[in-house]
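Worksheet: one structure, shown below.
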Amino acid sequence: MTSAAITEKRRQRMWSAILLAPSGLWYMVLLILPLIVIMIYSVGERAPTGGYQAAFTFDNYLNIGARWTAFKNTLLLAPTGTLICLLAGYPLAYFLALKASPRTRLFLLILVVVPFWTSFLIRTYAWMFILGGRGLPHLLDLVGIEGVRFINTPFAVLVGIVYAYLPLMVFPIYVSLEKLDKRLLEASDDLGAGPAATFRQITLPLSAPGMITGCMLVFILLMGEYLIPQMLGGGKVFFIGNALVDLFLQSLNWPFGSACAMALVVIMVVTVSLYLKLTRATGGRDVSLM
């Protein structure tokens, strides 16, 4: 390699470092440093008046089972809500991308986006009224169905989850299906494959990256969800986010709260690792009509 080539390569590296410096600094200050602080707090002790007291103990991690209900609710309802969003969002995204006319597609996309034009808090309050005693239960009472209760139940939390996060599932799947080469569908039909076979062999595999991305967007946000369980669960159905608020702001047990937060981080790291593995697996998948 000539000296000119070496100089050019060094110049490129220098410019790359300069361009990456702002984002790297942002990443370090807003993610890495807070994570280090949380790790340090997690091996400390609660001060007599609350907060953090310097120490080195793993008792906080060993005591995570005391908040098992919050972890159980999160690890049960977050995947369930993600699955429901997938089952509800895929048909809508499929219709938008492959079946709807341009005018209908635009209208439906606007309807999907419209909820984001209002406050998330206001929308959740609306569901509190709909599922509360003056909403659907009252209507059911009028037709003779008494004693039905929706609010402050896992069902209410799931309804709020699906309503709030369904658009985040629809859009990645829609983009994936919208980019689908329609000639593959035509070729499948010409070769004698039925609609079910075409969907199973072509449409579903090629839309898998969008499905995985949508599931990850919804699942990751649900793992840290606080408002929906707080308002629609009424303190009876709470997530890890609710437990962290209690530990940091009410109990003032920062070390134990930090240990729970680190446990959540580990869960998310495992989830993202699986996501990357699935993305690589689906990225090179062959499409077959057999």
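Each chain of the structure tokens is named A, B, ... in the order shown, its residues numbered from 1; ligands are numbered from 1 in display order.
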
For stretch 115-152 of chain A versus stretch 164-172 of chain A, which residues have an atom no more than 9 Å away, and what is each residue's nearest atom pair and distance in Å rounded to one decimal, using only C-alpha atoms, chain-then-number order, as a tab-separated table?
residue	atom	partner	partner_atom	distance
A:Pro115	CA	A:Ala164	CA	8.2
A:Phe116	CA	A:Ala164	CA	8.8
A:Phe120	CA	A:Ala164	CA	7.8
A:Arg123	CA	A:Ala164	CA	8.4
A:Thr124	CA	A:Ala164	CA	8.5

Excluding A:Lys182 and its own-chain neighbours fewer than 5 positions away, which residues fall within 10 Å of it when counting only C-alpha atoms? Please give them as a list in words. Leu98, Leu177, Ala187, Ser188 and Thr203 of chain A

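Comparing A:Val162, A:Leu244, A:Val157, A:Met231 by their smallest distance to A:Ile84, the closest is A:Val162 (using only C-alpha atoms).
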
Near stretch 50-59 of chain A, counting only C-alpha atoms, which residues have an atom at most 9 Å away, once you skip same-chain residues fewer than 4 positions from it, shown as a ChimeraX atom specification? /A:40-46,63-64,248,251-256,259

Take the residues from that selection and write them out as a JSON list (two decimals), in the first residue's frame, keeping N, CA and C atoms.
[["chain", "number", "residue", "atom", "x", "y", "z"],
["A", 40, "ILE", "N", -24.20, 0.49, 39.97],
["A", 40, "ILE", "CA", -23.56, 0.79, 41.27],
["A", 40, "ILE", "C", -24.62, 0.82, 42.37],
["A", 41, "TYR", "N", -25.74, 1.47, 42.10],
["A", 41, "TYR", "CA", -26.81, 1.54, 43.09],
["A", 41, "TYR", "C", -27.34, 0.15, 43.44],
["A", 42, "SER", "N", -27.37, -0.74, 42.45],
["A", 42, "SER", "CA", -28.00, -2.05, 42.67],
["A", 42, "SER", "C", -27.24, -2.92, 43.66],
["A", 43, "VAL", "N", -25.96, -2.64, 43.90],
["A", 43, "VAL", "CA", -25.20, -3.42, 44.88],
["A", 43, "VAL", "C", -25.00, -2.63, 46.17],
["A", 44, "GLY", "N", -25.75, -1.55, 46.32],
["A", 44, "GLY", "CA", -25.68, -0.75, 47.55],
["A", 44, "GLY", "C", -26.76, -1.15, 48.53],
["A", 45, "GLU", "N", -26.98, -0.32, 49.53],
["A", 45, "GLU", "CA", -28.00, -0.55, 50.54],
["A", 45, "GLU", "C", -28.89, 0.68, 50.67],
["A", 46, "ARG", "N", -30.10, 0.45, 51.14],
["A", 46, "ARG", "CA", -31.01, 1.57, 51.39],
["A", 46, "ARG", "C", -30.55, 2.34, 52.62],
["A", 63, "ASN", "N", -33.34, -10.67, 46.38],
["A", 63, "ASN", "CA", -34.68, -10.34, 46.88],
["A", 63, "ASN", "C", -35.65, -9.96, 45.77],
["A", 64, "ILE", "N", -35.22, -10.11, 44.50],
["A", 64, "ILE", "CA", -36.09, -9.73, 43.38],
["A", 64, "ILE", "C", -37.40, -10.51, 43.41],
["A", 248, "PHE", "N", -38.67, 3.67, 43.80],
["A", 248, "PHE", "CA", -37.84, 4.86, 43.73],
["A", 248, "PHE", "C", -38.51, 6.08, 44.37],
["A", 251, "SER", "N", -41.22, 4.08, 48.26],
["A", 251, "SER", "CA", -40.44, 3.36, 49.27],
["A", 251, "SER", "C", -39.05, 3.93, 49.44],
["A", 252, "LEU", "N", -38.58, 4.67, 48.45],
["A", 252, "LEU", "CA", -37.24, 5.27, 48.47],
["A", 252, "LEU", "C", -36.16, 4.20, 48.64],
["A", 253, "ASN", "N", -36.43, 3.02, 48.11],
["A", 253, "ASN", "CA", -35.46, 1.93, 48.16],
["A", 253, "ASN", "C", -34.74, 1.88, 46.81],
["A", 254, "TRP", "N", -33.83, 2.81, 46.62],
["A", 254, "TRP", "CA", -33.15, 2.93, 45.33],
["A", 254, "TRP", "C", -32.30, 1.71, 44.97],
["A", 255, "PRO", "N", -31.57, 1.10, 45.90],
["A", 255, "PRO", "CA", -30.78, -0.08, 45.53],
["A", 255, "PRO", "C", -31.65, -1.25, 45.03],
["A", 256, "PHE", "N", -32.75, -1.53, 45.71],
["A", 256, "PHE", "CA", -33.61, -2.62, 45.28],
["A", 256, "PHE", "C", -34.28, -2.28, 43.95],
["A", 259, "ALA", "N", -31.78, -2.86, 41.26],
["A", 259, "ALA", "CA", -31.61, -4.29, 40.96],
["A", 259, "ALA", "C", -32.75, -4.78, 40.06]]

So what do you get for atom CA of A:Asp181 versus atom CA of A:Arg105, distance-wise?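 Taking atom CA of A:Asp181 and atom CA of A:Arg105, their separation equals 18.2 Å.
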
Would you kindly return, as a PyMOL selection string, each protein, DNA or RNA residue with an atom no farther than 12 Å from any atom of A:Val159, considering only C-alpha atoms and excluding same-chain residues fewer than 6 positions away? chain A and resi 77-78+80-82+84-85+123-124+126-128+130-131+150-153+165-166+228-229+232-233

Atom-to-atom span, atom CA of A:Met268 and atom CA of A:Thr74, Å: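 Atom CA of A:Thr74 lies 12.2 Å from atom CA of A:Met268.
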